[in-house]
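Coordinates as given in final.tsv (TSV, N, CA, C and O atoms):
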```
chain	number	residue	atom	x	y	z
T	1	MET	N	87.05	119.37	87.78
T	1	MET	CA	88.39	119.24	87.27
T	1	MET	C	88.86	120.55	86.64
T	1	MET	O	90.02	120.90	86.75
T	2	ALA	N	87.95	121.25	86.00
T	2	ALA	CA	88.32	122.53	85.39
T	2	ALA	C	88.83	123.50	86.44
T	2	ALA	O	89.80	124.23	86.21
T	3	THR	N	88.21	123.49	87.61
T	3	THR	CA	88.65	124.36	88.70
T	3	THR	C	90.06	124.00	89.14
T	3	THR	O	90.88	124.88	89.39
T	4	ALA	N	90.35	122.72	89.21
T	4	ALA	CA	91.69	122.28	89.61
T	4	ALA	C	92.73	122.70	88.59
T	4	ALA	O	93.82	123.16	88.95
T	5	VAL	N	92.41	122.56	87.31
T	5	VAL	CA	93.34	122.97	86.25
T	5	VAL	C	93.58	124.47	86.31
T	5	VAL	O	94.71	124.94	86.22
T	6	TYR	N	92.51	125.23	86.48
T	6	TYR	CA	92.65	126.67	86.59
T	6	TYR	C	93.48	127.04	87.82
T	6	TYR	O	94.35	127.89	87.76
T	7	GLY	N	93.23	126.36	88.93
T	7	GLY	CA	94.00	126.62	90.16
T	7	GLY	C	95.47	126.32	89.97
T	7	GLY	O	96.33	127.05	90.44
T	8	TYR	N	95.76	125.24	89.27
T	8	TYR	CA	97.14	124.88	88.97
T	8	TYR	C	97.81	125.99	88.17
T	8	TYR	O	98.90	126.45	88.51
T	9	ALA	N	97.14	126.43	87.12
T	9	ALA	CA	97.70	127.48	86.26
T	9	ALA	C	97.85	128.80	87.02
T	9	ALA	O	98.85	129.50	86.89
T	10	ALA	N	96.85	129.12	87.83
T	10	ALA	CA	96.88	130.39	88.57
T	10	ALA	C	97.96	130.43	89.63
T	10	ALA	O	98.47	131.49	89.97
T	11	GLN	N	98.34	129.26	90.16
T	11	GLN	CA	99.31	129.20	91.25
T	11	GLN	C	100.69	128.72	90.79
T	11	GLN	O	101.55	128.45	91.63
T	12	ILE	N	100.92	128.64	89.51
T	12	ILE	CA	102.15	128.05	89.00
T	12	ILE	C	103.40	128.76	89.53
T	12	ILE	O	104.45	128.14	89.69
T	13	ASP	N	103.29	130.03	89.86
T	13	ASP	CA	104.43	130.76	90.41
T	13	ASP	C	104.40	130.84	91.93
T	13	ASP	O	105.24	131.50	92.53
T	14	ASN	N	103.45	130.18	92.56
T	14	ASN	CA	103.31	130.18	94.01
T	14	ASN	C	103.40	128.73	94.49
T	14	ASN	O	102.40	128.09	94.80
T	15	LEU	N	104.61	128.21	94.54
T	15	LEU	CA	104.80	126.79	94.83
T	15	LEU	C	104.23	126.33	96.18
T	15	LEU	O	103.67	125.24	96.24
T	16	PRO	N	104.33	127.12	97.25
T	16	PRO	CA	103.72	126.65	98.51
T	16	PRO	C	102.20	126.43	98.38
T	16	PRO	O	101.68	125.43	98.86
T	17	ALA	N	101.51	127.33	97.73
T	17	ALA	CA	100.06	127.18	97.54
T	17	ALA	C	99.78	126.01	96.62
T	17	ALA	O	98.84	125.23	96.86
T	18	LEU	N	100.58	125.85	95.60
T	18	LEU	CA	100.41	124.75	94.66
T	18	LEU	C	100.63	123.41	95.36
T	18	LEU	O	99.87	122.47	95.16
T	19	LYS	N	101.64	123.35	96.21
T	19	LYS	CA	101.93	122.10	96.93
T	19	LYS	C	100.77	121.72	97.84
T	19	LYS	O	100.37	120.56	97.90
T	20	SER	N	100.22	122.69	98.55
T	20	SER	CA	99.10	122.43	99.45
T	20	SER	C	97.89	121.90	98.67
T	20	SER	O	97.26	120.93	99.07
T	21	MET	N	97.59	122.54	97.56
T	21	MET	CA	96.47	122.13	96.73
T	21	MET	C	96.70	120.71	96.19
T	21	MET	O	95.80	119.87	96.22
T	22	MET	N	97.89	120.44	95.73
T	22	MET	CA	98.20	119.13	95.17
T	22	MET	C	98.15	118.03	96.23
T	22	MET	O	97.73	116.91	95.94
T	23	GLU	N	98.57	118.35	97.43
T	23	GLU	CA	98.52	117.37	98.52
T	23	GLU	C	97.07	116.95	98.80
T	23	GLU	O	96.77	115.78	98.96
T	24	LYS	N	96.17	117.92	98.83
T	24	LYS	CA	94.75	117.62	99.05
T	24	LYS	C	94.21	116.75	97.93
T	24	LYS	O	93.47	115.79	98.18
T	25	ILE	N	94.56	117.09	96.70
T	25	ILE	CA	94.07	116.33	95.56
T	25	ILE	C	94.65	114.91	95.58
T	25	ILE	O	93.92	113.94	95.32
T	26	ALA	N	95.92	114.77	95.90
T	26	ALA	CA	96.54	113.43	95.95
T	26	ALA	C	95.83	112.55	96.97
T	26	ALA	O	95.56	111.38	96.70
T	27	HIS	N	95.52	113.10	98.13
T	27	HIS	CA	94.81	112.31	99.14
T	27	HIS	C	93.40	111.95	98.66
T	27	HIS	O	92.93	110.84	98.91
T	28	ARG	N	92.76	112.85	97.95
T	28	ARG	CA	91.43	112.56	97.41
T	28	ARG	C	91.53	111.45	96.36
T	28	ARG	O	90.67	110.57	96.29
T	29	HIS	N	92.57	111.50	95.54
T	29	HIS	CA	92.76	110.45	94.54
T	29	HIS	C	92.94	109.09	95.21
T	29	HIS	O	92.40	108.09	94.72
T	30	VAL	N	93.68	109.04	96.30
T	30	VAL	CA	93.88	107.79	97.01
T	30	VAL	C	92.55	107.31	97.59
T	30	VAL	O	92.22	106.12	97.51
T	31	GLN	N	91.78	108.22	98.16
T	31	GLN	CA	90.47	107.84	98.73
T	31	GLN	C	89.54	107.26	97.68
T	31	GLN	O	88.73	106.38	97.97
T	32	THR	N	89.66	107.73	96.44
T	32	THR	CA	88.78	107.27	95.37
T	32	THR	C	89.44	106.22	94.48
T	32	THR	O	88.90	105.85	93.44
T	33	HIS	N	90.62	105.76	94.91
T	33	HIS	CA	91.33	104.66	94.25
T	33	HIS	C	91.73	104.95	92.80
T	33	HIS	O	91.62	104.10	91.92
T	34	VAL	N	92.21	106.16	92.56
T	34	VAL	CA	92.74	106.52	91.25
T	34	VAL	C	94.03	105.73	91.04
T	34	VAL	O	94.83	105.58	91.96
T	35	THR	N	94.21	105.22	89.84
T	35	THR	CA	95.41	104.44	89.52
T	35	THR	C	96.24	105.17	88.45
T	35	THR	O	95.69	105.97	87.68
T	36	PRO	N	97.53	104.86	88.38
T	36	PRO	CA	98.38	105.50	87.36
T	36	PRO	C	97.88	105.27	85.94
T	36	PRO	O	98.03	106.15	85.08
T	37	GLU	N	97.26	104.14	85.69
T	37	GLU	CA	96.76	103.82	84.36
T	37	GLU	C	95.63	104.75	83.91
T	37	GLU	O	95.36	104.86	82.70
T	38	GLN	N	94.98	105.40	84.84
T	38	GLN	CA	93.87	106.28	84.50
T	38	GLN	C	94.32	107.66	84.04
T	38	GLN	O	93.57	108.35	83.35
T	39	TYR	N	95.52	108.05	84.38
T	39	TYR	CA	95.99	109.40	84.04
T	39	TYR	C	96.02	109.69	82.55
T	39	TYR	O	95.57	110.76	82.12
T	40	PRO	N	96.53	108.79	81.70
T	40	PRO	CA	96.51	109.11	80.26
T	40	PRO	C	95.11	109.28	79.69
T	40	PRO	O	94.88	110.17	78.87
T	41	ILE	N	94.17	108.48	80.16
T	41	ILE	CA	92.79	108.57	79.68
T	41	ILE	C	92.19	109.92	80.08
T	41	ILE	O	91.58	110.61	79.27
T	42	VAL	N	92.37	110.27	81.34
T	42	VAL	CA	91.84	111.55	81.83
T	42	VAL	C	92.53	112.70	81.10
T	42	VAL	O	91.87	113.67	80.69
T	43	GLY	N	93.84	112.60	80.92
T	43	GLY	CA	94.58	113.66	80.24
T	43	GLY	C	94.10	113.88	78.83
T	43	GLY	O	93.92	115.02	78.39
T	44	GLU	N	93.86	112.79	78.11
T	44	GLU	CA	93.37	112.91	76.74
T	44	GLU	C	92.02	113.61	76.70
T	44	GLU	O	91.79	114.51	75.89
T	45	SER	N	91.14	113.22	77.59
T	45	SER	CA	89.80	113.83	77.65
T	45	SER	C	89.89	115.30	78.07
T	45	SER	O	89.19	116.15	77.50
T	46	LEU	N	90.72	115.56	79.05
T	46	LEU	CA	90.88	116.94	79.53
T	46	LEU	C	91.43	117.84	78.43
T	46	LEU	O	90.90	118.94	78.20
T	47	LEU	N	92.46	117.39	77.76
T	47	LEU	CA	93.05	118.21	76.70
T	47	LEU	C	92.07	118.43	75.55
T	47	LEU	O	92.02	119.53	74.98
T	48	GLN	N	91.29	117.42	75.22
T	48	GLN	CA	90.28	117.59	74.16
T	48	GLN	C	89.23	118.61	74.59
T	48	GLN	O	88.82	119.45	73.80
T	49	ALA	N	88.79	118.53	75.85
T	49	ALA	CA	87.81	119.49	76.35
T	49	ALA	C	88.38	120.91	76.33
T	49	ALA	O	87.68	121.86	75.94
T	50	MET	N	89.64	121.05	76.72
T	50	MET	CA	90.27	122.37	76.69
T	50	MET	C	90.33	122.90	75.26
T	50	MET	O	90.06	124.08	75.01
T	51	LYS	N	90.67	122.03	74.34
T	51	LYS	CA	90.75	122.41	72.93
T	51	LYS	C	89.38	122.87	72.43
T	51	LYS	O	89.28	123.88	71.72
T	52	ASP	N	88.34	122.15	72.81
T	52	ASP	CA	86.98	122.51	72.40
T	52	ASP	C	86.59	123.88	72.95
T	52	ASP	O	86.00	124.70	72.24
T	53	VAL	N	86.92	124.13	74.21
T	53	VAL	CA	86.55	125.39	74.84
T	53	VAL	C	87.38	126.55	74.29
T	53	VAL	O	86.85	127.64	74.03
T	54	LEU	N	88.67	126.33	74.09
T	54	LEU	CA	89.55	127.39	73.61
T	54	LEU	C	89.33	127.74	72.14
T	54	LEU	O	89.65	128.85	71.72
T	55	GLY	N	88.84	126.79	71.37
T	55	GLY	CA	88.59	127.05	69.96
T	55	GLY	C	89.88	127.43	69.24
T	55	GLY	O	90.88	126.73	69.33
T	56	GLU	N	89.85	128.55	68.52
T	56	GLU	CA	91.00	128.99	67.73
T	56	GLU	C	92.22	129.31	68.59
T	56	GLU	O	93.35	129.29	68.09
T	57	ALA	N	92.00	129.62	69.85
T	57	ALA	CA	93.12	129.93	70.74
T	57	ALA	C	93.92	128.67	71.09
T	57	ALA	O	95.04	128.77	71.59
T	58	ALA	N	93.37	127.51	70.78
T	58	ALA	CA	94.05	126.24	71.08
T	58	ALA	C	95.03	125.91	69.95
T	58	ALA	O	94.86	124.93	69.23
T	59	THR	N	96.04	126.73	69.83
T	59	THR	CA	97.05	126.49	68.81
T	59	THR	C	97.87	125.26	69.17
T	59	THR	O	97.80	124.77	70.30
T	60	GLU	N	98.65	124.78	68.22
T	60	GLU	CA	99.51	123.63	68.50
T	60	GLU	C	100.44	123.91	69.67
T	60	GLU	O	100.67	123.05	70.51
T	61	GLU	N	100.97	125.13	69.73
T	61	GLU	CA	101.89	125.51	70.79
T	61	GLU	C	101.20	125.52	72.15
T	61	GLU	O	101.74	125.04	73.14
T	62	VAL	N	100.00	126.07	72.20
T	62	VAL	CA	99.24	126.13	73.45
T	62	VAL	C	98.91	124.72	73.93
T	62	VAL	O	99.12	124.39	75.11
T	63	MET	N	98.44	123.89	73.04
T	63	MET	CA	98.06	122.54	73.44
T	63	MET	C	99.29	121.70	73.80
T	63	MET	O	99.23	120.88	74.71
T	64	ALA	N	100.39	121.92	73.11
T	64	ALA	CA	101.63	121.21	73.47
T	64	ALA	C	102.09	121.60	74.86
T	64	ALA	O	102.52	120.75	75.65
T	65	ALA	N	101.96	122.89	75.19
T	65	ALA	CA	102.35	123.35	76.53
T	65	ALA	C	101.45	122.74	77.59
T	65	ALA	O	101.93	122.29	78.64
T	66	TRP	N	100.14	122.69	77.35
T	66	TRP	CA	99.22	122.09	78.31
T	66	TRP	C	99.45	120.59	78.43
T	66	TRP	O	99.36	120.02	79.51
T	67	SER	N	99.76	119.95	77.32
T	67	SER	CA	100.05	118.52	77.35
T	67	SER	C	101.28	118.24	78.20
T	67	SER	O	101.29	117.34	79.03
T	68	GLU	N	102.31	119.05	78.01
T	68	GLU	CA	103.53	118.91	78.80
T	68	GLU	C	103.26	119.18	80.28
T	68	GLU	O	103.75	118.45	81.15
T	69	ALA	N	102.47	120.19	80.56
T	69	ALA	CA	102.12	120.51	81.95
T	69	ALA	C	101.33	119.37	82.58
T	69	ALA	O	101.58	118.99	83.73
T	70	TYR	N	100.40	118.79	81.83
T	70	TYR	CA	99.61	117.67	82.36
T	70	TYR	C	100.51	116.48	82.65
T	70	TYR	O	100.37	115.83	83.68
T	71	GLU	N	101.42	116.18	81.73
T	71	GLU	CA	102.34	115.06	81.93
T	71	GLU	C	103.15	115.25	83.21
T	71	GLU	O	103.29	114.32	84.01
T	72	ALA	N	103.69	116.45	83.38
T	72	ALA	CA	104.51	116.73	84.57
T	72	ALA	C	103.66	116.62	85.83
T	72	ALA	O	104.09	116.00	86.83
T	73	LEU	N	102.49	117.18	85.80
T	73	LEU	CA	101.61	117.16	86.96
T	73	LEU	C	101.16	115.73	87.28
T	73	LEU	O	101.14	115.33	88.45
T	74	SER	N	100.85	114.96	86.26
T	74	SER	CA	100.41	113.59	86.52
T	74	SER	C	101.53	112.76	87.14
T	74	SER	O	101.29	111.94	88.02
T	75	GLU	N	102.77	112.98	86.72
T	75	GLU	CA	103.90	112.27	87.31
T	75	GLU	C	104.06	112.61	88.79
T	75	GLU	O	104.32	111.73	89.62
T	76	VAL	N	103.88	113.88	89.12
T	76	VAL	CA	103.95	114.30	90.52
T	76	VAL	C	102.86	113.59	91.33
T	76	VAL	O	103.12	113.05	92.41
T	77	PHE	N	101.64	113.59	90.80
T	77	PHE	CA	100.54	112.93	91.50
T	77	PHE	C	100.78	111.43	91.64
T	77	PHE	O	100.56	110.85	92.70
T	78	ILE	N	101.21	110.78	90.58
T	78	ILE	CA	101.44	109.34	90.62
T	78	ILE	C	102.46	108.99	91.69
T	78	ILE	O	102.24	108.06	92.49
T	79	HIS	N	103.55	109.74	91.75
T	79	HIS	CA	104.57	109.46	92.76
T	79	HIS	C	104.07	109.74	94.18
T	79	HIS	O	104.30	108.95	95.09
T	80	ARG	N	103.38	110.85	94.35
T	80	ARG	CA	102.87	111.18	95.69
T	80	ARG	C	101.82	110.17	96.14
T	80	ARG	O	101.81	109.74	97.30
T	81	GLU	N	100.94	109.79	95.24
T	81	GLU	CA	99.90	108.83	95.60
T	81	GLU	C	100.52	107.48	95.93
T	81	GLU	O	100.06	106.79	96.85
T	82	HIS	N	101.56	107.09	95.22
T	82	HIS	CA	102.28	105.85	95.54
T	82	HIS	C	102.79	105.92	96.97
T	82	HIS	O	102.66	104.95	97.73
T	83	ASP	N	103.37	107.05	97.34
T	83	ASP	CA	103.88	107.22	98.71
T	83	ASP	C	102.76	107.15	99.74
T	83	ASP	O	102.93	106.56	100.81
T	84	ILE	N	101.62	107.74	99.43
T	84	ILE	CA	100.48	107.71	100.36
T	84	ILE	C	99.99	106.27	100.53
T	84	ILE	O	99.74	105.83	101.66
T	85	TYR	N	99.87	105.53	99.43
T	85	TYR	CA	99.47	104.12	99.52
T	85	TYR	C	100.46	103.35	100.38
T	85	TYR	O	100.06	102.53	101.22
T	86	ASP	N	101.76	103.59	100.20
T	86	ASP	CA	102.78	102.92	101.02
T	86	ASP	C	102.63	103.27	102.49
T	86	ASP	O	102.73	102.41	103.36
T	87	GLU	N	102.39	104.55	102.80
T	87	GLU	CA	102.21	104.98	104.18
T	87	GLU	C	101.00	104.29	104.80
T	87	GLU	O	101.06	103.86	105.96
T	88	GLU	N	99.92	104.17	104.03
T	88	GLU	CA	98.72	103.51	104.55
T	88	GLU	C	98.97	102.03	104.81
T	88	GLU	O	98.51	101.49	105.81
T	89	ARG	N	99.72	101.36	103.93
T	89	ARG	CA	100.04	99.94	104.12
T	89	ARG	C	100.88	99.76	105.37
T	89	ARG	O	100.66	98.83	106.15
T	90	LYS	N	101.83	100.65	105.58
T	90	LYS	CA	102.69	100.55	106.78
T	90	LYS	C	101.87	100.75	108.04
T	90	LYS	O	102.11	100.07	109.05
T	91	GLN	N	100.92	101.66	108.02
T	91	GLN	CA	100.06	101.87	109.18
T	91	GLN	C	99.22	100.63	109.46
T	91	GLN	O	99.00	100.29	110.61
T	92	LEU	N	98.73	99.97	108.43
T	92	LEU	CA	97.94	98.75	108.62
T	92	LEU	C	98.78	97.63	109.22
T	92	LEU	O	98.31	96.90	110.08
T	93	VAL	N	100.02	97.51	108.80
T	93	VAL	CA	100.90	96.48	109.30
T	93	VAL	C	101.21	96.71	110.78
T	93	VAL	O	101.26	95.78	111.57
T	94	HIS	N	101.38	97.96	111.16
T	94	HIS	CA	101.72	98.31	112.53
T	94	HIS	C	100.51	98.44	113.45
T	94	HIS	O	100.65	98.67	114.64
T	95	SER	N	99.33	98.27	112.90
T	95	SER	CA	98.11	98.39	113.73
T	95	SER	C	97.79	97.10	114.44
T	95	SER	O	98.07	96.04	114.09
```

Please express the file's structure as structure tokens.
Amino acid sequence: MATAVYGYAAQIDNLPALKSMMEKIAHRHVQTHVTPEQYPIVGESLLQAMKDVLGEAATEEVMAAWSEAYEALSEVFIHREHDIYDEERKQLVHS
């Protein structure tokens, strides 16, 4: 997960690369049955781990920015994964 977060941050100004990476992750989340309810739990743990690693550099402003970024990213994933689940259901119906 740390690699994914770093990749997200490193590609934040390169939307095509970011979209490709996120698409792969969204499909992996669907394969492993990630649900929207799990995102807040993961986010809380992730942000705490980042705070632990960053130490004094984890100022309120830094952590607020990462929290906001996680919220935005999780919403994108939740919506995309919902679409993927819908696409899979439609394929099953038409099979």

Calculate how many Å separate atom O of Glu44 of chain T from atom N of Asp86 of chain T, rounding to one decimal. 28.5 Å

All alpha helix (DSSP H) positions in chain T, as a PyMOL selection string: chain T and resi 2-10+15-31+38-54+60-94

Closest of T:Ile78, T:Val34, T:Ala9, T:Met63 to Leu46 of chain T - atom-to-atom distances counting only C-alpha atoms: T:Met63

Excluding segment 28-31 of chain T and residues on its chain fewer than 2 positions from it, collect all residues at most 8 Å away from it, counting only N, CA, C and O atoms, and give them as a tab-separated table (two decimals) with N, CA, C and O atoms, keeping the file's coordinate frame.
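File part_34.tsv, as written:
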```
chain	number	residue	atom	x	y	z
T	21	MET	N	97.59	122.54	97.56
T	21	MET	CA	96.47	122.13	96.73
T	21	MET	C	96.70	120.71	96.19
T	21	MET	O	95.80	119.87	96.22
T	22	MET	N	97.89	120.44	95.73
T	22	MET	CA	98.20	119.13	95.17
T	22	MET	C	98.15	118.03	96.23
T	22	MET	O	97.73	116.91	95.94
T	23	GLU	N	98.57	118.35	97.43
T	23	GLU	CA	98.52	117.37	98.52
T	23	GLU	C	97.07	116.95	98.80
T	23	GLU	O	96.77	115.78	98.96
T	24	LYS	N	96.17	117.92	98.83
T	24	LYS	CA	94.75	117.62	99.05
T	24	LYS	C	94.21	116.75	97.93
T	24	LYS	O	93.47	115.79	98.18
T	25	ILE	N	94.56	117.09	96.70
T	25	ILE	CA	94.07	116.33	95.56
T	25	ILE	C	94.65	114.91	95.58
T	25	ILE	O	93.92	113.94	95.32
T	26	ALA	N	95.92	114.77	95.90
T	26	ALA	CA	96.54	113.43	95.95
T	26	ALA	C	95.83	112.55	96.97
T	26	ALA	O	95.56	111.38	96.70
T	33	HIS	N	90.62	105.76	94.91
T	33	HIS	CA	91.33	104.66	94.25
T	33	HIS	C	91.73	104.95	92.80
T	33	HIS	O	91.62	104.10	91.92
T	34	VAL	N	92.21	106.16	92.56
T	34	VAL	CA	92.74	106.52	91.25
T	34	VAL	C	94.03	105.73	91.04
T	34	VAL	O	94.83	105.58	91.96
T	35	THR	N	94.21	105.22	89.84
T	35	THR	CA	95.41	104.44	89.52
T	35	THR	C	96.24	105.17	88.45
T	35	THR	O	95.69	105.97	87.68
T	77	PHE	N	101.64	113.59	90.80
T	77	PHE	CA	100.54	112.93	91.50
T	77	PHE	C	100.78	111.43	91.64
T	77	PHE	O	100.56	110.85	92.70
T	81	GLU	N	100.94	109.79	95.24
T	81	GLU	CA	99.90	108.83	95.60
T	81	GLU	C	100.52	107.48	95.93
T	81	GLU	O	100.06	106.79	96.85
T	82	HIS	N	101.56	107.09	95.22
T	82	HIS	CA	102.28	105.85	95.54
T	82	HIS	C	102.79	105.92	96.97
T	82	HIS	O	102.66	104.95	97.73
T	84	ILE	N	101.62	107.74	99.43
T	84	ILE	CA	100.48	107.71	100.36
T	84	ILE	C	99.99	106.27	100.53
T	84	ILE	O	99.74	105.83	101.66
T	85	TYR	N	99.87	105.53	99.43
T	85	TYR	CA	99.47	104.12	99.52
T	85	TYR	C	100.46	103.35	100.38
T	85	TYR	O	100.06	102.53	101.22
```

Could you please determine the separation between atom CA of Gln38 of chain T and atom CA of Val62 of chain T in Å, to one decimal place? 23.3 Å
